[in-house]
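Raw contents of start-v9.csv, CSV, C-alpha atoms:
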chain,number,residue,atom,x,y,z
A,143,MET,CA,-10.2,-43.0,27.4
A,144,SER,CA,-11.0,-41.1,30.6
A,145,ASN,CA,-9.8,-44.2,32.5
A,146,LYS,CA,-6.5,-44.0,30.8
A,147,LYS,CA,-6.2,-40.3,31.6
A,148,GLU,CA,-7.1,-41.0,35.1
A,149,ARG,CA,-4.4,-43.8,35.4
A,150,GLU,CA,-1.8,-41.5,33.9
A,151,LYS,CA,-2.7,-38.7,36.3
A,152,ARG,CA,-2.5,-41.1,39.3
A,153,ARG,CA,0.8,-42.5,38.0
A,154,GLU,CA,2.2,-39.0,37.7
A,155,GLN,CA,1.1,-38.2,41.2
A,156,ARG,CA,2.7,-41.3,42.6
A,157,LEU,CA,5.9,-40.5,40.8
A,158,GLN,CA,5.9,-37.0,42.2
A,159,GLU,CA,5.3,-38.3,45.7
A,160,GLU,CA,8.1,-40.9,45.4
A,161,THR,CA,10.5,-38.3,44.1
A,162,LYS,CA,9.6,-36.1,47.1
A,163,VAL,CA,10.2,-38.9,49.5
A,164,ASP,CA,13.5,-39.7,47.7
A,165,ALA,CA,14.6,-36.0,47.9
A,166,GLY,CA,13.5,-35.9,51.6
A,167,GLU,CA,15.5,-39.0,52.4
A,168,ARG,CA,18.5,-37.8,50.6
A,169,ARG,CA,18.3,-34.5,52.3
A,170,THR,CA,18.1,-36.2,55.7
A,171,ARG,CA,21.1,-38.4,54.8
A,172,LEU,CA,23.2,-35.5,53.6
A,173,LEU,CA,22.5,-33.5,56.7
A,174,GLN,CA,23.4,-36.5,58.8
A,175,PHE,CA,26.6,-36.9,56.9
A,176,GLY,CA,27.3,-33.2,57.4
A,177,ALA,CA,26.7,-33.4,61.1
A,178,GLY,CA,29.0,-36.5,61.2
A,179,ALA,CA,31.7,-34.5,59.3
A,180,VAL,CA,31.4,-31.6,61.8
A,181,PHE,CA,31.8,-34.0,64.7
A,182,LEU,CA,34.9,-35.6,63.0
A,183,ALA,CA,36.4,-32.2,62.3
A,184,ILE,CA,36.0,-31.1,65.9
A,185,VAL,CA,37.7,-34.4,67.0
A,186,ALA,CA,40.5,-33.9,64.5
A,187,VAL,CA,41.2,-30.3,65.5
A,188,VAL,CA,41.3,-31.3,69.2
A,189,ILE,CA,43.6,-34.2,68.5
A,190,LEU,CA,45.9,-32.0,66.4
A,191,ILE,CA,46.1,-29.4,69.2
A,192,VAL,CA,46.7,-32.0,71.9
A,193,VAL,CA,49.4,-33.8,69.8
A,194,ASN,CA,51.0,-30.6,68.9
A,195,GLY,CA,51.3,-29.8,72.6
A,196,ASN,CA,53.6,-32.7,73.0
A,197,LYS,CA,55.6,-32.1,69.8
A,198,ASP,CA,59.3,-31.4,70.2
A,199,SER,CA,59.6,-27.8,69.4
A,200,GLY,CA,63.2,-27.4,70.6
A,201,GLY,CA,64.4,-25.4,73.6
A,202,ASP,CA,64.6,-28.6,75.6
A,203,ALA,CA,67.4,-28.4,78.2
A,204,GLN,CA,67.0,-32.0,79.2
A,205,ASN,CA,67.4,-33.3,75.7
A,206,LEU,CA,70.0,-31.5,73.7
A,207,GLU,CA,70.6,-32.7,70.2
A,208,GLY,CA,73.5,-32.4,67.8
A,209,VAL,CA,76.5,-32.4,70.2
A,210,ALA,CA,78.4,-34.9,68.0
A,211,THR,CA,77.5,-32.9,64.8
A,212,ILE,CA,78.8,-29.6,66.1
A,213,ASP,CA,82.0,-31.2,67.5
A,214,LYS,CA,82.7,-32.6,64.0
A,215,LEU,CA,81.9,-29.3,62.4
A,216,VAL,CA,84.1,-26.9,64.5
A,217,GLY,CA,86.3,-29.3,66.4
A,218,GLY,CA,90.0,-28.8,65.7
A,219,ILE,CA,89.6,-25.3,64.3
A,220,PRO,CA,91.4,-22.6,66.3
A,221,GLN,CA,89.1,-20.3,68.3
A,222,ASP,CA,89.7,-17.0,69.9
A,223,GLU,CA,86.7,-15.6,71.7
A,224,MET,CA,84.0,-15.5,69.0
A,225,ILE,CA,86.4,-15.9,66.1
A,226,LEU,CA,86.7,-19.2,64.4
A,227,GLY,CA,89.6,-20.0,62.2
A,228,ASP,CA,93.2,-19.1,61.6
A,229,PRO,CA,94.1,-15.7,63.2
A,230,LYS,CA,96.5,-15.2,60.2
A,231,ALA,CA,93.8,-15.6,57.6
A,232,LYS,CA,93.5,-12.5,55.4
A,233,VAL,CA,89.8,-12.1,55.5
A,234,GLU,CA,87.1,-12.4,58.2
A,235,LEU,CA,83.5,-13.1,57.6
A,236,VAL,CA,81.4,-11.4,60.3
A,237,GLU,CA,77.9,-12.7,61.1
A,238,TYR,CA,75.6,-10.4,63.0
A,239,GLY,CA,73.0,-12.7,64.5
A,240,ASP,CA,70.5,-13.2,67.3
A,241,LEU,CA,70.5,-16.5,69.0
A,242,GLN,CA,66.7,-16.5,69.0
A,243,CYS,CA,66.4,-15.9,65.3
A,244,PRO,CA,65.0,-18.9,63.4
A,245,VAL,CA,66.6,-17.8,60.2
A,246,CYS,CA,70.0,-17.6,61.9
A,247,LYS,CA,69.4,-21.2,63.0
A,248,ALA,CA,68.6,-22.2,59.3
A,249,TYR,CA,71.8,-20.4,58.2
A,250,SER,CA,73.8,-22.1,60.9
A,251,GLU,CA,72.6,-25.5,59.8
A,252,ASP,CA,72.4,-25.2,56.0
A,253,PHE,CA,74.7,-22.3,55.0
A,254,LEU,CA,77.7,-21.9,57.3
A,255,PRO,CA,78.9,-25.5,57.3
A,256,GLN,CA,80.0,-25.3,53.7
A,257,ILE,CA,82.1,-22.2,54.6
A,258,ILE,CA,83.4,-23.6,57.9
A,259,GLU,CA,84.4,-27.0,56.3
A,260,GLY,CA,85.9,-25.1,53.3
A,261,LEU,CA,87.6,-21.8,53.6
A,262,VAL,CA,87.7,-21.6,57.4
A,263,ARG,CA,89.1,-25.1,58.0
A,264,GLU,CA,91.6,-24.5,55.2
A,265,GLY,CA,92.8,-21.4,57.0
A,266,LYS,CA,91.9,-19.0,54.2
A,267,ALA,CA,89.2,-17.1,56.2
A,268,ARG,CA,88.0,-16.6,59.7
A,269,LEU,CA,84.4,-16.5,60.8
A,270,SER,CA,83.3,-14.3,63.7
A,271,PHE,CA,80.0,-13.9,65.4
A,272,ARG,CA,78.7,-10.5,66.7
A,273,ASN,CA,75.5,-10.3,68.6
A,274,PHE,CA,72.7,-8.2,67.1
A,275,ALA,CA,70.4,-9.0,70.0
A,276,PHE,CA,67.1,-7.4,69.2
A,277,LEU,CA,64.4,-10.0,68.9
A,278,GLY,CA,63.4,-10.3,72.5
A,279,GLU,CA,64.3,-10.2,76.2
A,280,GLN,CA,66.2,-13.4,76.2
A,281,SER,CA,68.3,-12.5,73.1
A,282,ALA,CA,70.9,-10.5,75.0
A,283,PRO,CA,71.5,-12.9,77.9
A,284,ALA,CA,71.8,-15.7,75.3
A,285,GLY,CA,74.3,-13.7,73.4
A,286,ALA,CA,76.3,-13.0,76.5
A,287,ALA,CA,76.2,-16.7,77.4
A,288,ALA,CA,77.8,-17.4,74.1
A,289,LEU,CA,80.5,-14.8,74.6
A,290,ALA,CA,81.3,-16.3,78.0
A,291,ALA,CA,81.7,-19.7,76.4
A,292,GLY,CA,84.0,-18.0,73.9
A,293,ALA,CA,86.2,-16.9,76.8
A,294,GLN,CA,86.8,-20.6,77.4
A,295,GLY,CA,87.4,-21.4,73.7
A,296,ARG,CA,84.0,-23.0,73.2
A,297,GLY,CA,82.1,-20.0,71.7
A,298,TRP,CA,81.3,-21.6,68.3
A,299,GLN,CA,80.3,-24.9,69.9
A,300,TYR,CA,77.9,-22.8,72.0
A,301,LEU,CA,76.4,-21.0,69.1
A,302,GLU,CA,76.0,-24.1,67.0
A,303,LEU,CA,74.6,-26.2,69.8
A,304,PHE,CA,72.2,-23.3,70.8
A,305,TYR,CA,70.9,-23.1,67.2
A,306,ARG,CA,70.4,-26.8,66.9
A,307,ASN,CA,68.3,-26.8,70.0
A,308,GLN,CA,66.6,-23.4,69.5
A,309,GLY,CA,63.0,-23.2,70.7
A,310,ILE,CA,60.2,-21.0,69.5
A,311,GLU,CA,61.2,-17.3,69.3
A,312,ASN,CA,60.4,-15.5,72.5
A,313,SER,CA,58.6,-18.4,74.1
A,314,GLY,CA,60.8,-18.1,77.2
A,315,TYR,CA,62.7,-21.3,76.6
A,316,ALA,CA,66.2,-19.6,76.7
A,317,ASP,CA,66.2,-19.5,80.5
A,318,ASP,CA,69.2,-20.1,82.8
A,319,GLU,CA,68.6,-23.9,82.8
A,320,PHE,CA,68.7,-24.0,79.0
A,321,LEU,CA,71.7,-21.7,78.7
A,322,THR,CA,73.6,-23.8,81.2
A,323,ALA,CA,72.6,-27.1,79.5
A,324,VAL,CA,74.0,-25.7,76.2
A,325,ALA,CA,77.2,-24.6,77.9
A,326,GLU,CA,77.7,-28.1,79.3
A,327,GLY,CA,76.9,-29.7,76.0
A,328,ALA,CA,79.2,-27.3,74.2
A,329,GLY,CA,82.1,-28.5,76.4
A,330,VAL,CA,82.6,-25.4,78.5
A,331,LYS,CA,85.0,-26.6,81.2
A,332,ASP,CA,84.5,-24.2,84.0
A,333,ILE,CA,80.7,-23.8,84.3
A,334,ALA,CA,81.0,-21.7,87.5
A,335,LYS,CA,83.3,-19.2,85.8
A,336,TRP,CA,81.1,-19.2,82.7
A,337,ASN,CA,78.1,-18.5,84.9
A,338,GLU,CA,79.9,-15.5,86.4
A,339,ASP,CA,81.2,-14.3,83.1
A,340,ARG,CA,77.9,-14.3,81.3
A,341,LYS,CA,76.4,-11.9,83.8
A,342,SER,CA,79.5,-9.7,83.9
A,343,ALA,CA,79.5,-6.2,82.5
A,344,LYS,CA,82.3,-7.2,80.1
A,345,PHE,CA,80.1,-9.5,78.1
A,346,THR,CA,76.7,-7.8,78.6
A,347,ASP,CA,78.3,-4.5,77.5
A,348,GLU,CA,79.8,-6.2,74.5
A,349,VAL,CA,76.4,-7.5,73.4
A,350,THR,CA,75.0,-4.0,73.7
A,351,ALA,CA,78.0,-2.6,71.8
A,352,THR,CA,77.7,-5.0,68.9
A,353,THR,CA,74.0,-4.5,68.7
A,354,ALA,CA,74.5,-0.8,68.6
A,355,GLU,CA,77.2,-1.3,65.9
A,356,ALA,CA,74.8,-3.4,63.8
A,357,GLN,CA,72.1,-0.7,64.1
A,358,ARG,CA,74.7,2.0,63.2
A,359,LEU,CA,75.6,0.0,60.1
A,360,GLY,CA,71.9,0.1,59.1
A,361,LEU,CA,71.3,-3.6,59.4
A,362,THR,CA,67.6,-4.3,59.6
A,363,GLY,CA,67.5,-8.1,60.2
A,364,THR,CA,69.5,-11.2,61.1
A,365,PRO,CA,71.5,-12.9,60.0
A,366,SER,CA,73.5,-10.1,58.3
A,367,PHE,CA,77.0,-10.7,57.0
A,368,ALA,CA,80.0,-8.5,56.4
A,369,LEU,CA,83.5,-8.9,55.3
A,370,GLN,CA,86.3,-7.6,57.5
A,371,GLY,CA,89.2,-7.1,55.2
A,372,PRO,CA,92.3,-5.1,55.1
A,373,ASP,CA,90.2,-2.2,53.7
A,374,GLY,CA,87.6,-2.2,56.4
A,375,LEU,CA,84.0,-3.6,56.6
A,376,GLU,CA,82.1,-4.5,53.5
A,377,LEU,CA,78.4,-5.3,54.0
A,378,LEU,CA,77.0,-8.4,52.3
A,379,GLY,CA,73.5,-8.3,53.7
A,380,THR,CA,71.8,-11.7,53.9
A,381,PRO,CA,73.3,-13.6,51.0
A,382,GLY,CA,71.2,-16.3,49.3
A,383,SER,CA,73.9,-18.9,48.9
A,384,PRO,CA,77.2,-19.9,50.5
A,385,GLU,CA,78.8,-19.7,47.1
A,386,GLU,CA,78.1,-16.0,47.0
A,387,VAL,CA,79.9,-15.6,50.3
A,388,GLU,CA,82.8,-17.8,49.2
A,389,ASP,CA,83.2,-15.7,46.1
A,390,ALA,CA,83.3,-12.5,48.1
A,391,LEU,CA,85.8,-14.0,50.6
A,392,GLU,CA,88.1,-15.2,47.8
A,393,ARG,CA,87.9,-11.9,46.0
A,394,ALA,CA,88.7,-10.1,49.2
A,395,ALA,CA,91.6,-12.4,50.1
A,396,ALA,CA,93.0,-12.0,46.6
A,397,GLY,CA,92.6,-8.3,46.6
B,507,MET,CA,15.1,-19.6,58.9
B,508,LYS,CA,15.2,-17.9,55.5
B,509,PHE,CA,18.2,-18.4,53.3
B,510,PRO,CA,19.2,-16.4,50.3
B,511,THR,CA,18.5,-18.1,47.0
B,512,GLU,CA,21.0,-20.9,46.2
B,513,ALA,CA,22.1,-19.0,43.1
B,514,ARG,CA,23.1,-16.0,45.3
B,515,LEU,CA,24.9,-18.3,47.7
B,516,ARG,CA,26.8,-19.8,44.9
B,517,GLN,CA,27.8,-16.4,43.5
B,518,ILE,CA,29.1,-15.3,46.9
B,519,ILE,CA,30.9,-18.6,47.5
B,520,ALA,CA,32.6,-18.3,44.1
B,521,PHE,CA,33.7,-14.7,44.9
B,522,VAL,CA,35.1,-15.6,48.3
B,523,ALA,CA,36.8,-18.7,47.0
B,524,ALA,CA,38.4,-16.7,44.3
B,525,LEU,CA,39.7,-14.2,46.9
B,526,GLY,CA,41.0,-17.2,48.8
B,527,VAL,CA,42.9,-18.6,45.8
B,528,GLY,CA,44.5,-15.2,45.5
B,529,VAL,CA,45.6,-15.0,49.1
B,530,ALA,CA,46.9,-18.6,49.2
B,531,THR,CA,48.8,-18.0,46.0
B,532,TYR,CA,50.4,-14.9,47.3
B,533,ILE,CA,51.5,-16.7,50.5
B,534,THR,CA,53.0,-19.5,48.4
B,535,ILE,CA,54.9,-17.2,46.1
B,536,ALA,CA,56.1,-15.0,48.9
B,537,ASP,CA,57.4,-18.0,50.7
B,538,SER,CA,59.1,-19.7,47.8
B,539,GLY,CA,60.9,-16.8,46.3
B,540,GLY,CA,61.4,-13.2,47.3
B,541,GLY,CA,65.0,-13.3,48.3
B,542,ALA,CA,66.6,-14.6,51.4
B,543,PRO,CA,64.5,-14.5,54.5
B,544,ALA,CA,65.7,-12.6,57.6
B,545,CYS,CA,64.5,-12.1,61.2
B,546,LEU,CA,63.1,-8.7,61.6
B,547,ALA,CA,62.2,-7.0,64.9
B,548,GLY,CA,58.5,-6.2,65.3
B,549,GLY,CA,56.0,-6.6,62.5
B,550,GLY,CA,57.9,-9.7,61.3
B,551,GLY,CA,55.0,-12.0,62.1
B,552,CYS,CA,54.9,-13.4,58.6
B,553,GLU,CA,58.6,-14.2,58.5
B,554,THR,CA,58.3,-15.9,61.9
B,555,VAL,CA,55.3,-17.9,60.8
B,556,ALA,CA,56.8,-18.7,57.4
B,557,ASN,CA,60.0,-19.8,59.0
B,558,SER,CA,58.4,-21.9,61.7
B,559,SER,CA,58.4,-25.7,61.4
B,560,TYR,CA,54.6,-25.5,61.1
B,561,SER,CA,54.6,-23.8,57.7
B,562,HIS,CA,55.4,-27.0,55.8
B,563,ILE,CA,53.9,-30.5,55.9
B,564,ALA,CA,56.1,-33.1,54.5
B,565,GLY,CA,58.1,-30.4,52.8
B,566,VAL,CA,55.0,-28.9,51.1
B,567,ASN,CA,54.1,-25.3,52.0
B,568,ILE,CA,50.6,-25.5,53.6
B,569,ALA,CA,49.5,-22.5,51.5
B,570,ILE,CA,49.5,-25.1,48.6
B,571,PHE,CA,46.9,-27.1,50.4
B,572,GLY,CA,45.0,-23.8,50.8
B,573,ILE,CA,45.1,-23.2,47.0
B,574,ILE,CA,43.8,-26.7,46.4
B,575,GLY,CA,41.0,-26.2,48.9
B,576,TYR,CA,39.9,-22.8,47.5
B,577,VAL,CA,40.0,-24.2,44.0
B,578,ILE,CA,37.7,-27.1,45.0
B,579,LEU,CA,35.4,-24.6,46.7
B,580,LEU,CA,35.3,-22.4,43.6
B,581,GLY,CA,34.5,-25.5,41.5
B,582,THR,CA,31.6,-26.5,43.7
B,583,ALA,CA,30.0,-23.1,43.2
B,584,PHE,CA,29.5,-23.9,39.5
B,585,PHE,CA,27.2,-26.9,40.1
B,586,ALA,CA,23.8,-27.0,41.6
B,587,ASN,CA,23.5,-30.6,42.8
B,588,ASP,CA,23.8,-32.4,46.1
B,589,LEU,CA,27.3,-33.7,45.3
B,590,ALA,CA,28.6,-30.1,44.9
B,591,ARG,CA,26.7,-29.0,48.0
B,592,PHE,CA,28.2,-31.8,50.1
B,593,VAL,CA,31.7,-31.6,48.7
B,594,GLY,CA,31.6,-27.8,49.2
B,595,PHE,CA,30.5,-28.2,52.7
B,596,ALA,CA,33.0,-30.9,53.5
B,597,THR,CA,35.9,-29.0,52.0
B,598,ALA,CA,35.0,-25.8,53.7
B,599,LEU,CA,34.6,-27.7,57.0
B,600,GLY,CA,38.1,-29.2,56.6
B,601,GLY,CA,39.6,-25.8,55.6
B,602,PHE,CA,37.8,-24.2,58.5
B,603,GLY,CA,39.0,-26.8,61.0
B,604,PHE,CA,42.6,-26.5,59.7
B,605,SER,CA,42.4,-22.7,59.9
B,606,VAL,CA,41.3,-23.0,63.5
B,607,TYR,CA,44.3,-25.2,64.2
B,608,LEU,CA,46.7,-22.9,62.4
B,609,THR,CA,45.4,-19.8,64.2
B,610,TYR,CA,45.8,-21.6,67.5
B,611,LEU,CA,49.4,-22.4,66.5
B,612,GLU,CA,50.0,-18.7,65.6
B,613,LEU,CA,48.6,-17.4,68.8
B,614,PHE,CA,49.9,-19.9,71.3
B,615,THR,CA,52.9,-21.8,69.8
B,616,ILE,CA,54.6,-19.6,67.2
B,617,GLU,CA,53.4,-16.5,69.1
B,618,ALA,CA,53.3,-14.5,65.9
B,619,ILE,CA,50.5,-13.4,63.7
B,620,CYS,CA,50.7,-13.2,60.0
B,621,GLN,CA,48.0,-11.0,58.5
B,622,TRP,CA,47.9,-13.0,55.3
B,623,CYS,CA,47.2,-16.2,57.3
B,624,VAL,CA,44.5,-14.4,59.2
B,625,ALA,CA,42.9,-13.2,56.0
B,626,SER,CA,42.8,-16.8,54.7
B,627,ALA,CA,41.3,-18.0,58.0
B,628,VAL,CA,38.6,-15.3,57.8
B,629,LEU,CA,37.8,-16.3,54.2
B,630,MET,CA,37.7,-19.9,55.1
B,631,THR,CA,35.3,-19.2,58.0
B,632,LEU,CA,33.0,-17.3,55.6
B,633,LEU,CA,33.1,-20.2,53.1
B,634,PHE,CA,32.3,-22.6,55.9
B,635,LEU,CA,29.2,-20.6,56.9
B,636,LEU,CA,28.1,-20.1,53.3
B,637,ASN,CA,28.5,-23.7,52.4
B,638,ALA,CA,26.7,-24.8,55.6
B,639,ALA,CA,23.8,-22.5,54.7
B,640,ARG,CA,23.8,-23.9,51.2
B,641,LEU,CA,23.7,-27.5,52.5
B,642,ILE,CA,21.1,-26.9,55.2
B,643,GLY,CA,19.0,-24.8,52.9
B,644,TYR,CA,19.2,-26.7,49.7
B,645,ALA,CA,20.2,-30.3,50.3
B,646,GLY,CA,17.8,-32.7,48.5
B,647,THR,CA,16.7,-30.1,46.0
B,648,ASP,CA,18.5,-31.3,42.9
B,649,THR,CA,17.3,-29.7,39.7
B,650,THR,CA,16.1,-33.1,38.5
B,651,THR,CA,13.7,-33.3,41.4
B,652,VAL,CA,12.6,-29.7,41.8
B,653,ALA,CA,11.6,-29.7,38.1
B,654,LEU,CA,8.3,-31.1,39.3
B,655,PRO,CA,5.6,-28.7,40.4
B,656,GLU,CA,5.9,-27.6,44.0
B,657,LYS,CA,2.1,-27.7,44.5
B,658,THR,CA,0.4,-31.0,44.9
Take the structure in this file and express it as structure tokens.
Amino acid sequence: MSNKKEREKRREQRLQEETKVDAGERRTRLLQFGAGAVFLAIVAVVILIVVNGNKDSGGDAQNLEGVATIDKLVGGIPQDEMILGDPKAKVELVEYGDLQCPVCKAYSEDFLPQIIEGLVREGKARLSFRNFAFLGEQSAPAGAAALAAGAQGRGWQYLELFYRNQGIENSGYADDEFLTAVAEGAGVKDIAKWNEDRKSAKFTDEVTATTAEAQRLGLTGTPSFALQGPDGLELLGTPGSPEEVEDALERAAAG
Amino acid sequence: MKFPTEARLRQIIAFVAALGVGVATYITIADSGGGAPACLAGGGGCETVANSSYSHIAGVNIAIFGIIGYVILLGTAFFANDLARFVGFATALGGFGFSVYLTYLELFTIEAICQWCVASAVLMTLLFLLNAARLIGYAGTDTTTVALPEKT
């Protein structure tokens, strides 16, 4: 009887010890796994940061993209300074934009093409760009560069090409080299004249004037749109869809 | 080193993870709807960050990954076993590493700071520390094994 009890006691003790050893081993293994995971995480973050450093983030003067696309989009449509489309069209859609603004880039790529290929190409509406240059130091010089391209009939190619190659806001990418590369890509014929024009008071003052105008109108962000009709300027804000703008343009043209 | 009891750690983890679910959900909703985005001067950090090419991976808003991570972390707080401890630690570690990367992007690449992203990064850092403490302090103490008397 006592032998049996003794055996049971010893058995229980052995089990306890085995369980303790098991738990200890599992703990060691888990902590080793944990340490391994920490090591892997550090490696992964370092790789991500290094790879990201080489990622194409736009603003690359050596490697402009979209020249063919923008030629197809606005080529063959009459241009006068920053106005795209038939001068006799009844209504004008005005965009207040900042070339550094990523949302303007998104609108230029996903929103405006429908309007340009539709109402503008059909001669029912004009599209004009006014600088609301407020995001950073390079916003105004970029805007003036677009105006100077407009003086040679390539303003919209300039805008569109700039947006398609836009870099990270205020990262300093929009320097002279970048602006010049965009001018060349946009097909500005006389680069020397463009270079002189973009620094001239005529265009830098115009950027200041349209920016002041946007502020006077109470615009708070870019892109902001407005209709220039026979009855004056009607503010549209930042519409959510091209259809909204098309409806407004058709209404204004009919009225 | 003395750790708080595991039950207390789990309570705090659950609380912080629930906050994280809230923050990540807010960022997701704010990004998906809320009218047309626009570029605003100054204080527009969140717009800049949300509009940058880094805010989506394969078309999916990264805040969605955040929600998934926080929900997993919340889930692990309800179990007191080694699996939950390790999954919690690994998830928090992944989330923390990702937050470090995103904060780096905000500071040096996008050059804009979004306070909601910072809030999420802070919560994820807390969760990483809490889950690390939980793993170091309580790994190998599953209830099935600690049911035996401590004294020998």
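Separating atom CA of Thr364 of chain A from atom CA of Pro220 of chain A is a distance of 25.2 Å.
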With 10 Å as the cut-off and all atoms listed in the file counted, what is the closest atom pair between each nearby residue of segment 192-259 of chain A and segment 338-354 of chain A? Distances in Å to one decimal, ordered by chain and number, as JSON lines.
{"residue": "A:Tyr238", "atom": "CA", "partner": "A:Thr352", "partner_atom": "CA", "distance": 8.3}
{"residue": "A:Gly239", "atom": "CA", "partner": "A:Thr353", "partner_atom": "CA", "distance": 9.3}
{"residue": "A:Asp240", "atom": "CA", "partner": "A:Thr353", "partner_atom": "CA", "distance": 9.5}
TODO: Just give me the gap between atom CA of Ile310 of chain A and atom CA of Pro244 of chain A in Å, one decimal is fine.
DONE: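 Rounded to one decimal, the two atoms are 8.0 Å apart.
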TODO: Taking all atoms listed in the file into account, report as a PyMOL selection string which residues of chain A lie within 9 Å of chain B.
DONE: chain A and resi 155+158-159+161-162+164-170+172-173+175-176+179-180+183-184+186-188+190-191+194-195+199+240+243-246+248+276-278+310-313+362-366+380-383
Let me see the file: selected residues, C-alpha atoms, as an mmCIF file, in the coordinates of the input.
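This went into again.cif:
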data_model
loop_
_atom_site.group_PDB
_atom_site.id
_atom_site.type_symbol
_atom_site.label_atom_id
_atom_site.label_comp_id
_atom_site.auth_asym_id
_atom_site.auth_seq_id
_atom_site.Cartn_x
_atom_site.Cartn_y
_atom_site.Cartn_z
ATOM 1 C CA GLN A 155 1.100 -38.200 41.200
ATOM 2 C CA GLN A 158 5.900 -37.000 42.200
ATOM 3 C CA GLU A 159 5.300 -38.300 45.700
ATOM 4 C CA THR A 161 10.500 -38.300 44.100
ATOM 5 C CA LYS A 162 9.600 -36.100 47.100
ATOM 6 C CA ASP A 164 13.500 -39.700 47.700
ATOM 7 C CA ALA A 165 14.600 -36.000 47.900
ATOM 8 C CA GLY A 166 13.500 -35.900 51.600
ATOM 9 C CA GLU A 167 15.500 -39.000 52.400
ATOM 10 C CA ARG A 168 18.500 -37.800 50.600
ATOM 11 C CA ARG A 169 18.300 -34.500 52.300
ATOM 12 C CA THR A 170 18.100 -36.200 55.700
ATOM 13 C CA LEU A 172 23.200 -35.500 53.600
ATOM 14 C CA LEU A 173 22.500 -33.500 56.700
ATOM 15 C CA PHE A 175 26.600 -36.900 56.900
ATOM 16 C CA GLY A 176 27.300 -33.200 57.400
ATOM 17 C CA ALA A 179 31.700 -34.500 59.300
ATOM 18 C CA VAL A 180 31.400 -31.600 61.800
ATOM 19 C CA ALA A 183 36.400 -32.200 62.300
ATOM 20 C CA ILE A 184 36.000 -31.100 65.900
ATOM 21 C CA ALA A 186 40.500 -33.900 64.500
ATOM 22 C CA VAL A 187 41.200 -30.300 65.500
ATOM 23 C CA VAL A 188 41.300 -31.300 69.200
ATOM 24 C CA LEU A 190 45.900 -32.000 66.400
ATOM 25 C CA ILE A 191 46.100 -29.400 69.200
ATOM 26 C CA ASN A 194 51.000 -30.600 68.900
ATOM 27 C CA GLY A 195 51.300 -29.800 72.600
ATOM 28 C CA SER A 199 59.600 -27.800 69.400
ATOM 29 C CA ASP A 240 70.500 -13.200 67.300
ATOM 30 C CA CYS A 243 66.400 -15.900 65.300
ATOM 31 C CA PRO A 244 65.000 -18.900 63.400
ATOM 32 C CA VAL A 245 66.600 -17.800 60.200
ATOM 33 C CA CYS A 246 70.000 -17.600 61.900
ATOM 34 C CA ALA A 248 68.600 -22.200 59.300
ATOM 35 C CA PHE A 276 67.100 -7.400 69.200
ATOM 36 C CA LEU A 277 64.400 -10.000 68.900
ATOM 37 C CA GLY A 278 63.400 -10.300 72.500
ATOM 38 C CA ILE A 310 60.200 -21.000 69.500
ATOM 39 C CA GLU A 311 61.200 -17.300 69.300
ATOM 40 C CA ASN A 312 60.400 -15.500 72.500
ATOM 41 C CA SER A 313 58.600 -18.400 74.100
ATOM 42 C CA THR A 362 67.600 -4.300 59.600
ATOM 43 C CA GLY A 363 67.500 -8.100 60.200
ATOM 44 C CA THR A 364 69.500 -11.200 61.100
ATOM 45 C CA PRO A 365 71.500 -12.900 60.000
ATOM 46 C CA SER A 366 73.500 -10.100 58.300
ATOM 47 C CA THR A 380 71.800 -11.700 53.900
ATOM 48 C CA PRO A 381 73.300 -13.600 51.000
ATOM 49 C CA GLY A 382 71.200 -16.300 49.300
ATOM 50 C CA SER A 383 73.900 -18.900 48.900
#
Open item on the list: Can you measure atom CA of Glu326 of chain A to atom CA of Glu279 of chain A for me? One decimal in Å is fine.
Closed with: 22.6 Å
